[in-house]
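Colleague: To be precise about what I am sending: the file is called entry-v7.txt and holds compact mmCIF, C-alpha atoms.
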```txt
# COMPACT_ATOMS: atom_id res chain seq x y z
CA MET A 24 91.34 -116.80 -164.20
CA LYS A 25 90.73 -118.57 -167.49
CA LYS A 26 90.07 -116.87 -170.80
CA VAL A 27 86.76 -117.01 -172.65
CA PHE A 28 86.87 -118.66 -176.09
CA SER A 29 86.52 -116.31 -179.04
CA PHE A 30 87.09 -116.58 -182.76
CA PHE A 31 89.62 -113.77 -182.72
CA ALA A 32 91.07 -111.31 -180.22
CA LEU A 33 89.19 -108.02 -180.05
CA LEU A 34 90.55 -104.78 -178.70
CA VAL A 35 88.02 -102.75 -176.79
CA VAL A 36 87.25 -99.63 -178.84
CA PHE A 37 87.54 -96.39 -176.95
CA GLY A 38 86.57 -92.86 -177.82
CA VAL A 39 87.71 -89.35 -177.14
CA SER A 40 85.76 -87.22 -174.66
CA GLY A 41 83.26 -87.94 -171.91
CA GLN A 42 82.25 -84.63 -170.40
CA ASP A 43 78.66 -84.57 -171.70
CA PHE A 44 77.87 -88.23 -172.01
CA ASP A 45 74.35 -89.61 -172.31
CA SER A 46 73.94 -91.37 -168.96
CA ALA A 47 70.25 -92.08 -169.63
CA LYS A 48 71.14 -94.02 -172.76
CA MET A 49 73.79 -95.92 -170.82
CA ASP A 50 71.20 -96.76 -168.17
CA SER A 51 68.77 -97.92 -170.83
CA TYR A 52 71.38 -100.17 -172.42
CA LEU A 53 72.29 -101.86 -169.13
CA ASP A 54 68.63 -102.26 -168.16
CA SER A 55 67.93 -103.89 -171.52
CA LEU A 56 70.79 -106.36 -170.99
CA ALA A 57 69.35 -107.38 -167.63
CA ASN A 58 65.72 -107.47 -168.78
CA HIS A 59 66.60 -109.82 -171.65
CA ASP A 60 68.86 -112.08 -169.52
CA LYS A 61 71.94 -111.02 -171.49
CA ALA A 62 74.06 -109.95 -168.55
CA MET A 63 74.17 -109.11 -164.86
CA VAL A 64 76.80 -106.38 -164.54
CA SER A 65 78.09 -103.46 -162.52
CA VAL A 66 79.86 -100.52 -164.17
CA ALA A 67 81.83 -97.57 -162.84
CA ILE A 68 83.57 -94.68 -164.59
CA MET A 69 85.83 -92.13 -162.93
CA GLU A 70 87.12 -88.98 -164.64
CA LYS A 71 90.01 -86.95 -163.21
CA GLY A 72 89.65 -88.74 -159.90
CA GLU A 73 85.92 -88.14 -159.52
CA PRO A 74 83.17 -90.75 -159.99
CA VAL A 75 80.93 -89.78 -162.93
CA TYR A 76 78.93 -92.95 -163.56
CA GLN A 77 77.91 -96.00 -161.51
CA LYS A 78 75.19 -98.57 -162.15
CA ALA A 79 74.51 -102.21 -161.33
CA VAL A 80 71.86 -104.41 -162.96
CA GLY A 81 70.75 -107.96 -162.35
CA PHE A 82 70.87 -110.07 -159.22
CA ALA A 83 73.63 -110.47 -156.66
CA ASP A 84 71.80 -113.67 -155.66
CA VAL A 85 69.37 -115.12 -158.20
CA ASN A 86 67.71 -117.63 -155.88
CA ALA A 87 67.08 -115.02 -153.18
CA LYS A 88 66.00 -112.45 -155.81
CA GLN A 89 68.52 -110.07 -154.25
CA GLN A 90 69.19 -107.18 -156.61
CA ALA A 91 72.76 -106.01 -157.10
CA THR A 92 73.64 -102.46 -156.08
CA ILE A 93 76.66 -100.25 -156.74
CA ASN A 94 77.99 -101.46 -153.35
CA THR A 95 77.80 -105.15 -154.28
CA ARG A 96 81.25 -106.74 -154.35
CA TYR A 97 82.41 -109.11 -157.09
CA ARG A 98 85.38 -111.37 -157.63
CA VAL A 99 87.55 -109.40 -160.04
CA GLY A 100 89.80 -112.33 -160.99
CA SER A 101 93.06 -111.43 -162.68
CA ILE A 102 92.66 -107.70 -162.11
CA THR A 103 94.19 -108.80 -158.79
CA LYS A 104 97.50 -109.06 -160.66
CA VAL A 105 97.68 -105.27 -160.96
CA PHE A 106 97.40 -104.94 -157.15
CA THR A 107 100.08 -107.62 -156.72
CA ALA A 108 102.43 -105.93 -159.18
CA VAL A 109 102.02 -102.59 -157.39
CA MET A 110 102.99 -104.12 -154.04
CA ILE A 111 106.02 -105.81 -155.60
CA PHE A 112 107.19 -102.46 -156.98
CA GLN A 113 106.65 -100.87 -153.57
CA LEU A 114 108.97 -103.49 -152.07
CA ILE A 115 111.52 -102.78 -154.82
CA GLU A 116 111.38 -99.06 -154.01
CA GLU A 117 111.97 -99.97 -150.34
CA ASP A 118 115.13 -101.90 -151.40
CA LYS A 119 113.68 -105.15 -150.08
CA LEU A 120 113.67 -106.69 -153.54
CA SER A 121 114.92 -105.98 -157.06
CA LEU A 122 113.81 -106.82 -160.58
CA ASP A 123 116.93 -109.01 -160.85
CA THR A 124 116.29 -111.02 -157.68
CA THR A 125 116.02 -114.67 -158.66
CA LEU A 126 113.23 -117.00 -157.63
CA ASP A 127 115.55 -119.48 -155.90
CA THR A 128 115.91 -116.88 -153.13
CA PHE A 129 112.40 -117.86 -152.09
CA TYR A 130 111.40 -121.07 -153.89
CA PRO A 131 114.46 -123.04 -155.04
CA ASN A 132 112.42 -126.15 -155.93
CA ILE A 133 110.63 -124.45 -158.82
CA GLN A 134 112.12 -125.59 -162.12
CA ASN A 135 114.73 -123.08 -163.41
CA ALA A 136 114.35 -121.02 -160.21
CA ARG A 137 117.97 -119.79 -160.43
CA ALA A 138 117.33 -118.34 -163.88
CA ILE A 139 113.91 -116.78 -163.18
CA THR A 140 113.91 -113.16 -162.05
CA ILE A 141 111.22 -111.02 -160.45
CA SER A 142 111.06 -109.09 -163.72
CA MET A 143 110.31 -112.29 -165.64
CA LEU A 144 107.53 -113.20 -163.21
CA LEU A 145 105.99 -109.74 -163.59
CA HIS A 146 106.16 -109.82 -167.41
CA HIS A 147 104.99 -113.46 -167.78
CA ARG A 148 108.43 -114.46 -169.11
CA SER A 149 109.35 -117.08 -166.50
CA GLY A 150 108.36 -120.11 -168.57
CA ILE A 151 106.52 -121.60 -165.57
CA ALA A 152 103.48 -123.44 -166.91
CA ASN A 153 100.08 -121.95 -166.13
CA PHE A 154 98.63 -124.27 -163.49
CA THR A 155 95.01 -123.33 -164.28
CA ASP A 156 95.42 -124.69 -167.83
CA LEU A 157 96.24 -128.21 -166.64
CA PRO A 158 93.58 -130.96 -166.41
CA ALA A 159 94.33 -131.55 -162.72
CA TYR A 160 93.24 -128.01 -161.81
CA GLY A 161 89.58 -128.91 -162.07
CA SER A 162 89.99 -131.62 -159.44
CA TYR A 163 91.07 -129.26 -156.66
CA MET A 164 89.92 -125.76 -157.62
CA THR A 165 87.10 -125.70 -155.04
CA GLN A 166 89.26 -126.97 -152.17
CA ALA A 167 91.24 -124.86 -149.70
CA LYS A 168 94.99 -124.98 -150.34
CA THR A 169 97.91 -123.72 -148.28
CA GLN A 170 100.94 -121.98 -149.72
CA ALA A 171 102.90 -125.19 -149.21
CA ASP A 172 100.26 -127.12 -151.16
CA MET A 173 100.40 -124.75 -154.11
CA VAL A 174 104.20 -124.46 -154.17
CA LYS A 175 104.34 -128.26 -154.30
CA ILE A 176 101.99 -128.23 -157.29
CA LEU A 177 104.07 -125.56 -159.05
CA SER A 178 107.32 -127.37 -158.28
CA ALA A 179 106.08 -130.40 -160.21
CA LEU A 180 105.41 -128.34 -163.36
CA ASP A 181 107.65 -128.41 -166.40
CA SER A 182 108.74 -125.16 -168.03
CA ASP A 183 107.07 -124.04 -171.23
CA PHE A 184 110.27 -122.34 -172.42
CA THR A 185 113.68 -121.17 -171.25
CA PRO A 186 113.20 -118.28 -168.80
CA GLY A 187 113.35 -114.91 -170.56
CA SER A 188 113.24 -116.38 -174.07
CA GLY A 189 109.53 -115.76 -174.64
CA ALA A 190 106.26 -114.76 -173.02
CA LYS A 191 103.13 -116.67 -172.07
CA TYR A 192 100.38 -115.53 -169.75
CA SER A 193 100.66 -117.52 -166.54
CA ASN A 194 98.79 -117.41 -163.25
CA SER A 195 101.65 -119.38 -161.72
CA GLY A 196 104.04 -116.44 -161.77
CA TYR A 197 101.64 -114.09 -160.00
CA LEU A 198 100.73 -116.75 -157.46
CA LEU A 199 104.43 -116.83 -156.54
CA LEU A 200 104.66 -113.03 -156.48
CA GLY A 201 101.81 -112.95 -153.97
CA TYR A 202 103.67 -115.44 -151.79
CA ILE A 203 106.89 -113.42 -152.13
CA ILE A 204 105.09 -110.36 -150.72
CA GLU A 205 104.20 -112.43 -147.65
CA SER A 206 107.71 -113.89 -147.37
CA ILE A 207 109.47 -110.52 -147.44
CA THR A 208 107.05 -108.71 -145.11
CA GLY A 209 106.37 -111.59 -142.75
CA ASP A 210 102.75 -110.57 -143.05
CA SER A 211 99.64 -111.79 -144.87
CA TYR A 212 98.73 -110.57 -148.36
CA ASP A 213 95.45 -109.42 -146.87
CA LYS A 214 97.09 -107.09 -144.32
CA GLN A 215 99.66 -105.85 -146.82
CA LEU A 216 96.87 -105.03 -149.26
CA GLN A 217 95.18 -102.95 -146.58
CA GLN A 218 98.38 -101.22 -145.48
CA ARG A 219 99.86 -100.54 -148.90
CA ILE A 220 96.82 -99.85 -151.09
CA THR A 221 93.29 -99.82 -149.70
CA SER A 222 93.95 -97.59 -146.68
CA LYS A 223 96.00 -95.15 -148.78
CA LEU A 224 93.25 -94.76 -151.36
CA GLY A 225 90.22 -95.13 -149.09
CA LEU A 226 89.00 -98.29 -150.84
CA THR A 227 86.31 -99.43 -148.41
CA HIS A 228 84.84 -102.14 -150.63
CA THR A 229 88.03 -104.03 -151.56
CA VAL A 230 89.12 -107.15 -149.69
CA PHE A 231 91.37 -110.13 -150.21
CA GLY A 232 89.04 -113.00 -150.96
CA THR A 233 90.59 -115.58 -148.66
CA LYS A 234 89.32 -113.59 -145.71
CA THR A 235 85.86 -112.09 -146.17
CA ASP A 236 84.50 -112.50 -142.65
CA SER A 237 84.19 -108.71 -142.43
CA VAL A 238 81.86 -108.70 -145.42
CA THR A 239 78.24 -109.72 -144.98
CA LYS A 240 76.79 -112.13 -147.52
CA SER A 241 74.38 -109.46 -148.69
CA ASP A 242 77.40 -107.46 -149.96
CA LEU A 243 78.77 -110.30 -152.10
CA ALA A 244 77.61 -111.40 -155.54
CA GLU A 245 77.27 -115.04 -156.48
CA SER A 246 78.16 -115.95 -160.07
CA TYR A 247 76.13 -117.72 -162.73
CA ILE A 248 76.10 -119.25 -166.19
CA TYR A 249 73.09 -119.05 -168.49
CA ARG A 250 71.64 -122.38 -169.58
CA GLY A 251 68.43 -122.84 -171.50
CA THR A 252 66.03 -120.33 -170.04
CA GLY A 253 67.70 -119.26 -166.81
CA TRP A 254 70.74 -118.58 -164.66
CA LEU A 255 72.43 -121.51 -162.94
CA PRO A 256 75.13 -121.30 -160.22
CA ALA A 257 78.68 -121.34 -161.57
CA SER A 258 81.64 -123.14 -160.02
CA ASN A 259 83.02 -121.68 -156.81
CA THR A 260 86.81 -121.55 -156.79
CA HIS A 261 88.33 -121.50 -153.31
CA LEU A 262 90.17 -118.18 -153.27
CA SER A 263 93.12 -119.61 -151.36
CA ILE A 264 94.14 -121.07 -154.74
CA PRO A 265 94.43 -117.95 -156.98
CA HIS A 266 95.78 -115.83 -154.09
CA GLY A 267 97.85 -112.97 -155.57
CA ALA A 268 96.91 -114.02 -159.10
CA GLY A 269 93.15 -113.59 -158.70
CA ALA A 270 91.62 -113.50 -155.20
CA ILE A 271 90.56 -109.87 -154.74
CA VAL A 272 86.87 -109.03 -154.21
CA ALA A 273 85.81 -105.44 -154.94
CA THR A 274 83.26 -103.07 -156.42
CA PRO A 275 83.90 -101.55 -159.87
CA SER A 276 83.97 -98.10 -158.26
CA ASP A 277 86.84 -99.19 -155.99
CA VAL A 278 88.66 -100.62 -159.02
CA THR A 279 88.40 -97.28 -160.85
CA ALA A 280 89.63 -95.47 -157.73
CA PHE A 281 92.58 -97.88 -157.56
CA PHE A 282 93.56 -97.27 -161.19
CA SER A 283 93.10 -93.51 -160.77
CA GLY A 284 95.29 -93.52 -157.67
CA LEU A 285 97.93 -95.67 -159.35
CA PHE A 286 98.26 -93.36 -162.35
CA ALA A 287 98.15 -90.27 -160.11
CA GLY A 288 101.36 -91.42 -158.41
CA LYS A 289 99.77 -92.20 -155.06
CA LEU A 290 101.15 -95.75 -154.82
CA ILE A 291 104.43 -96.09 -156.74
CA SER A 292 106.95 -93.87 -158.52
CA ASN A 293 106.72 -92.83 -162.15
CA ALA A 294 109.70 -95.07 -162.89
CA SER A 295 107.93 -98.11 -161.44
CA LEU A 296 104.72 -97.28 -163.29
CA SER A 297 106.72 -96.93 -166.49
CA GLU A 298 108.08 -100.45 -165.96
CA MET A 299 104.55 -101.77 -165.41
CA LYS A 300 103.52 -100.17 -168.71
CA THR A 301 106.50 -101.57 -170.62
CA ILE A 302 105.06 -104.11 -173.05
CA LYS A 303 107.14 -107.10 -174.08
CA ASP A 304 105.58 -109.60 -176.47
CA GLY A 305 102.18 -108.11 -175.76
CA LEU A 306 102.42 -108.29 -171.97
CA GLY A 307 103.37 -105.65 -169.41
CA ALA A 308 104.30 -106.01 -165.75
CA GLY A 309 100.76 -106.37 -164.46
CA LEU A 310 99.20 -104.25 -167.21
CA PHE A 311 97.97 -104.85 -170.75
CA GLN A 312 97.93 -102.14 -173.42
CA PHE A 313 94.82 -101.27 -175.42
CA PRO A 314 95.48 -98.91 -178.37
CA PHE A 315 92.89 -96.86 -180.20
CA TYR A 316 94.12 -94.56 -182.96
CA ASP A 317 96.35 -92.00 -181.17
CA LYS A 318 95.22 -93.12 -177.71
CA THR A 319 96.47 -95.82 -175.38
CA ALA A 320 94.72 -97.37 -172.41
CA TYR A 321 96.34 -99.60 -169.80
CA GLY A 322 94.49 -102.18 -167.77
CA HIS A 323 93.66 -105.82 -167.18
CA ASN A 324 90.79 -108.26 -167.47
CA GLY A 325 89.67 -111.09 -165.23
CA ILE A 326 87.70 -114.33 -165.44
CA ILE A 327 86.99 -116.60 -162.49
CA ASP A 328 84.01 -118.93 -162.16
CA GLY A 329 81.04 -117.03 -163.65
CA PHE A 330 82.65 -113.63 -163.05
CA SER A 331 84.15 -111.61 -165.92
CA SER A 332 85.76 -108.21 -165.56
CA GLN A 333 87.62 -105.49 -167.42
CA ALA A 334 89.40 -102.39 -166.13
CA SER A 335 91.29 -99.70 -168.05
CA TYR A 336 92.83 -96.29 -167.56
CA PHE A 337 93.24 -93.60 -170.23
CA GLU A 338 96.10 -91.35 -169.20
CA LYS A 339 95.43 -88.49 -171.61
CA ASP A 340 91.76 -88.33 -170.64
CA GLY A 341 92.19 -89.12 -166.95
CA VAL A 342 89.40 -91.70 -167.30
CA ALA A 343 89.19 -94.99 -165.39
CA PHE A 344 86.63 -97.61 -166.46
CA ALA A 345 85.67 -100.86 -164.74
CA ILE A 346 82.99 -103.44 -165.45
CA VAL A 347 82.32 -106.70 -163.62
CA ALA A 348 79.72 -109.29 -164.57
CA ASN A 349 78.49 -112.12 -162.39
CA GLY A 350 76.49 -113.63 -165.25
CA LEU A 351 76.96 -113.38 -169.02
CA ASN A 352 74.81 -114.47 -171.93
CA TYR A 353 76.48 -111.88 -174.16
CA SER A 354 79.98 -110.59 -174.88
CA LEU A 355 81.51 -108.51 -172.09
CA ASN A 356 83.78 -106.93 -174.68
CA ASP A 357 80.75 -105.76 -176.66
CA ILE A 358 79.21 -104.32 -173.49
CA SER A 359 82.43 -102.41 -172.80
CA ILE A 360 82.47 -101.10 -176.37
CA ALA A 361 78.88 -99.91 -176.00
CA MET A 362 79.39 -98.22 -172.63
CA LEU A 363 82.58 -96.46 -173.62
CA SER A 364 81.21 -95.43 -177.00
CA LEU A 365 78.28 -93.80 -175.23
CA PHE A 366 80.50 -92.23 -172.59
CA PHE A 367 82.93 -90.76 -175.11
CA GLY A 368 80.15 -89.47 -177.35
CA ARG A 369 80.60 -91.88 -180.23
CA GLU A 370 77.56 -92.73 -182.32
CA TYR A 371 76.03 -95.96 -181.06
CA THR A 372 72.70 -97.66 -181.78
CA LEU A 373 71.28 -99.73 -178.96
CA PRO A 374 70.92 -103.38 -180.02
CA ASP A 375 67.56 -105.13 -180.15
CA PHE A 376 67.63 -108.03 -177.70
CA ALA A 377 64.04 -109.10 -178.40
CA GLY A 378 64.99 -112.07 -180.60
CA SER A 379 64.49 -115.56 -179.15
CA PRO A 380 66.18 -118.89 -179.91
CA VAL A 381 64.33 -121.34 -182.16
CA SER A 382 64.44 -125.10 -182.61
CA LEU A 383 65.65 -126.62 -185.86
CA PRO A 384 65.54 -130.27 -186.96
CA THR A 385 68.94 -131.97 -186.98
CA SER A 386 68.57 -132.72 -190.69
CA GLN A 387 68.52 -128.99 -191.38
CA LEU A 388 71.78 -128.44 -189.48
CA HIS A 389 73.78 -130.77 -191.71
CA GLN A 390 73.62 -128.33 -194.64
CA TYR A 391 76.06 -126.06 -192.77
CA LYS A 392 78.78 -128.69 -192.17
CA GLY A 393 82.18 -127.95 -193.66
CA THR A 394 85.31 -125.83 -193.35
CA TYR A 395 85.08 -122.13 -194.18
CA ALA A 396 87.85 -119.59 -194.84
CA SER A 397 87.95 -115.80 -195.05
CA GLN A 398 90.21 -113.40 -196.89
CA GLN A 399 89.74 -110.93 -194.03
CA LEU A 400 90.93 -113.10 -191.12
CA PRO A 401 93.88 -115.53 -190.86
CA LEU A 402 91.85 -118.47 -189.57
CA LYS A 403 89.45 -121.14 -190.73
CA ILE A 404 86.22 -122.17 -189.03
CA THR A 405 84.97 -125.75 -189.17
CA ILE A 406 81.26 -126.38 -188.69
CA THR A 407 80.13 -129.79 -187.40
CA VAL A 408 76.96 -131.29 -185.95
CA LYS A 409 76.97 -133.07 -182.61
CA GLY A 410 73.61 -134.55 -181.70
CA ASP A 411 71.15 -131.71 -182.29
CA GLN A 412 73.79 -129.01 -181.79
CA LEU A 413 75.69 -127.02 -184.43
CA ILE A 414 79.35 -126.61 -183.41
CA ALA A 415 81.87 -124.06 -184.69
CA GLN A 416 85.60 -124.42 -184.12
CA ALA A 417 88.20 -121.92 -185.32
CA THR A 418 91.83 -122.76 -186.03
CA GLY A 419 93.66 -123.43 -182.77
CA GLN A 420 90.61 -122.75 -180.60
CA GLY A 421 88.04 -124.79 -178.72
CA PRO A 422 84.58 -125.76 -180.01
CA LEU A 423 81.72 -123.29 -179.55
CA PRO A 424 78.07 -124.47 -179.40
CA LEU A 425 75.86 -122.32 -181.63
CA THR A 426 72.26 -121.40 -180.82
CA PRO A 427 69.82 -120.95 -183.76
CA TYR A 428 67.76 -117.74 -183.87
CA SER A 429 66.35 -118.51 -187.32
CA LYS A 430 66.93 -121.06 -190.08
CA TYR A 431 70.06 -119.16 -191.13
CA GLU A 432 71.20 -117.22 -188.04
CA PHE A 433 73.24 -118.78 -185.23
CA ARG A 434 74.84 -117.15 -182.21
CA PHE A 435 77.41 -117.79 -179.49
CA ALA A 436 76.34 -115.08 -177.05
CA PRO A 437 79.25 -115.18 -174.53
CA ALA A 438 81.67 -114.01 -177.25
CA GLY A 439 79.19 -111.79 -179.09
CA ILE A 440 79.34 -114.01 -182.18
CA VAL A 441 76.55 -113.96 -184.79
CA MET A 442 76.85 -116.20 -187.88
CA GLN A 443 74.46 -115.56 -190.76
CA PHE A 444 74.48 -118.41 -193.33
CA ALA A 445 73.59 -118.12 -197.00
CA PRO A 446 72.19 -121.24 -198.76
CA GLY A 447 73.96 -122.78 -201.74
CA ASP A 448 72.68 -122.70 -205.31
CA LYS A 449 70.51 -125.78 -204.77
CA SER A 450 69.60 -124.83 -201.18
CA GLU A 451 70.92 -128.20 -200.04
CA SER A 452 74.07 -126.88 -198.41
CA ALA A 453 75.49 -123.54 -197.30
CA ASP A 454 78.25 -121.99 -199.37
CA GLU A 455 79.13 -119.11 -197.04
CA PHE A 456 78.33 -117.27 -193.86
CA THR A 457 78.90 -113.77 -192.54
CA LEU A 458 80.49 -113.52 -189.11
CA HIS A 459 79.54 -110.53 -186.96
CA GLN A 460 81.66 -109.91 -183.88
CA GLY A 461 82.75 -106.82 -181.99
CA GLY A 462 81.32 -104.45 -184.59
CA GLY A 463 83.17 -106.20 -187.44
CA THR A 464 81.71 -108.12 -190.40
CA TYR A 465 83.66 -110.94 -192.04
CA LEU A 466 82.70 -113.17 -194.98
CA PHE A 467 83.60 -116.88 -194.80
CA THR A 468 83.28 -119.15 -197.83
CA LYS A 469 83.16 -122.95 -197.78
CA GLU A 470 86.30 -124.62 -199.13
```
If you took the structure in this file and wrote it as C-alpha cells, what would it be?

Modeller:
Amino acid sequence: MKKVFSFFALLVVFGVSGQDFDSAKMDSYLDSLANHDKAMVSVAIMEKGEPVYQKAVGFADVNAKQQATINTRYRVGSITKVFTAVMIFQLIEEDKLSLDTTLDTFYPNIQNARAITISMLLHHRSGIANFTDLPAYGSYMTQAKTQADMVKILSALDSDFTPGSGAKYSNSGYLLLGYIIESITGDSYDKQLQQRITSKLGLTHTVFGTKTDSVTKSDLAESYIYRGTGWLPASNTHLSIPHGAGAIVATPSDVTAFFSGLFAGKLISNASLSEMKTIKDGLGAGLFQFPFYDKTAYGHNGIIDGFSSQASYFEKDGVAFAIVANGLNYSLNDISIAMLSLFFGREYTLPDFAGSPVSLPTSQLHQYKGTYASQQLPLKITITVKGDQLIAQATGQGPLPLTPYSKYEFRFAPAGIVMQFAPGDKSESADEFTLHQGGGTYLFTKE
C-alpha cells in the first residue's frame, strides 16, 4: 500500500502490437531474473479476452523451496481499489448511492464528512490524510482491526486540504468506500466481491484477503525482501486493515480477466467506466492513466509488504497486462517495460545480470560526497556516507542506500537505478555521475 522510493516518476513504456510476440525471449528474461535473485514474479497477458501468456518464476515459499506456479495467489495491494470502485459504481447504477452522497451519511465523525462526497473519495480528493503514511501505522499494521477500530483511527486524522480543492493519493478514502459497500448491502465485502465480480467473470483464484480459509497455504505466496545474499521474510500486514483499499489476493491471470471484463462492459456501464477513467490532477476514480505516444493505458499498481504489482489495460489493442512480485531486487517498472516491449515487438536487448556487488573501503566512498544537479531533470541528488554505506537522496525524497558494483558504479536495484561516477581532474573527488533509470540516461554534475 506504500510507494517505492524512486528518483523520478517513470511511466511504463508500451508498444503497439502483440500478435507474434517472442514468448521464448520473455521466458528467458524472467528465468534470468529468478536465477540471478533479481525478482520472483508472475506475469499474465490477455488479448481480446483470451490468455496469451502466463509464467511464474521464483519461490512461493523460500524456506520450503516451494516453486511458484501460474496458479499461485499473491496480495495485489492497491489494485484492490479498482475492484472497490467498480462495486461502488454498481451501487450507484442500482440507485443505492450517488456520486454526490456525502460521507456523513455513513461516518459523520470523520473530519469534514458533510463536505466529502463519494466522488471525492473515488478521485482521492477528500483531503482525508493517508493513514498508512503516519508513524503510528507501523505499530498496528500486523494486528487484526475491526471496522470500528479503523473508523476511530480515521476520525482522529486531520485533513490535508479542504475537500475537493486538491488531490492526494489516500488509502483512507478507499478504506471507507469498502466499508460503505458493506453498510449499504448489509453484507460483507467478501460476499459482495463474489456476487458482483468474481462469479460474473469466473475468477476462481481471486479472494478477499481477510477470509482465505478456502485457500490452501500451498496456493498462497509469501513475500520477501532481498538482503545481502538472500531473501528474507517481509512484514505481514493483517489484511483486515487495508480492506477495500488493498486486501485482495489473486493470480495475475485473474487480474487480467478482471480488467478485460471491466472494459468489455460486463460489470458496469460505459458511463460509469468513463467516470472511472476521468483523470483529475493525475488521479482517476480507481484508475490511473499511462500514456504512450498516441496510446493510453488505464490501470493501477500495488505495494504491500514485499509484494509489488502492476496492472494495465490498452483499449485500442484489447490487451490486459498484470505482473505481481513477491520479492524484488530490481525495478518492477523495468521488468514491465521489458515484458511489454517484447510482447509488442519492440526491440529489446536482454540485460546481463551476471555482475556482483563488491566491497569498497570507506575512504574511497568519501570522494563521491556532495550535491549534484542535472539540466535534464528538475531535482538535485545529494550523496553522503553513513558508516560504510554510500547514500543518495533526491530533492523531496527519502534516502536510498547504494550498492557498489565497481569502484565507480553504484546501484539501487529496487528502483532500477544505476549511477556511474566519473573521477575529478585530480582523482580525489568525483565531479559528475551518469544516472541510468528506466531506459533513460541523465548527467549530474557536482555543484

Colleague: Rounded to one decimal in Å, what is the spacing between CA of Ser359 (chain A) and CA of Val66 (chain A)?

Modeller: 9.2 Å

Colleague: For region 194-269 of chain A versus region 114-135 of chain A, which residues have an atom no more than 10 Å away, and what is each residue's nearest atom pair and distance in Å rounded to one decimal, using all atoms listed in the file, chain-then-number order, as a Markdown table?

Modeller:
```
| residue | atom | partner | partner_atom | distance |
| --- | --- | --- | --- | --- |
| A:Leu199 | CA | A:Tyr130 | CA | 8.6 |
| A:Leu200 | CA | A:Leu126 | CA | 9.5 |
| A:Tyr202 | CA | A:Phe129 | CA | 9.1 |
| A:Ile203 | CA | A:Phe129 | CA | 7.1 |
| A:Ile204 | CA | A:Leu114 | CA | 8.0 |
| A:Ser206 | CA | A:Phe129 | CA | 7.7 |
| A:Ile207 | CA | A:Lys119 | CA | 7.3 |
| A:Thr208 | CA | A:Leu114 | CA | 8.9 |
```

Colleague: Given the choices A:Ile404, A:Gln218, A:Thr260, A:Arg434, which gets closest to Gly421 (chain A) if the distance is worked out from all atoms listed in the file?

Modeller: A:Ile404

Colleague: Which polymer residues have any atom within 8 Å of an atom of region 455-470 of chain A, counting all atoms listed in the file, with same-chain residues fewer than 6 positions away left out, as a ChimeraX atom specification?

Modeller: /A:33,356-357,393-400,438-447

Colleague: Could you check the closest approach to Val174 (chain A) for each of A:Ile248, A:Ala377, A:Ala308, A:Ile264 and tell me which residue wins, using only C-alpha atoms?

Modeller: A:Ile264

Colleague: When distances are computed from all atoms listed in the file, which of A:Lys403, A:Lys191, A:Arg219, A:Arg148 shows the smallest separation from Ile111 (chain A)?

Modeller: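 Smallest distance to Ile111 (chain A) is found for A:Arg219.
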
Colleague: CA of Ala190 (chain A) and CA of Ile139 (chain A) are how many Å apart?

Modeller: 12.6 Å

Colleague: For CA of Gly288 (chain A) and CA of Val75 (chain A), quote the distance in Å rounded to one decimal.

Modeller: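 A separation of 21.0 Å between them.
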
Colleague: Residues near region 161-167 of chain A, anyone? I mean within 8 Å using all atoms listed in the file, not counting same-chain ones fewer than 4 positions away, as a PyMOL selection string.

Modeller: chain A and resi 258-264

Colleague: Restricting the calculation to all atoms listed in the file: of A:Ser354, A:Thr274, A:Ser283, A:Ser292, which residue gets closest to Thr92 (chain A)?

Modeller: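 Using all atoms listed in the file, Thr92 (chain A) sits closest to A:Thr274.
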
Colleague: Nearest residue to Ala348 (chain A) out of A:Gly305, A:Gly251, A:Gly72, A:Pro275, using all atoms listed in the file?

Modeller: A:Pro275
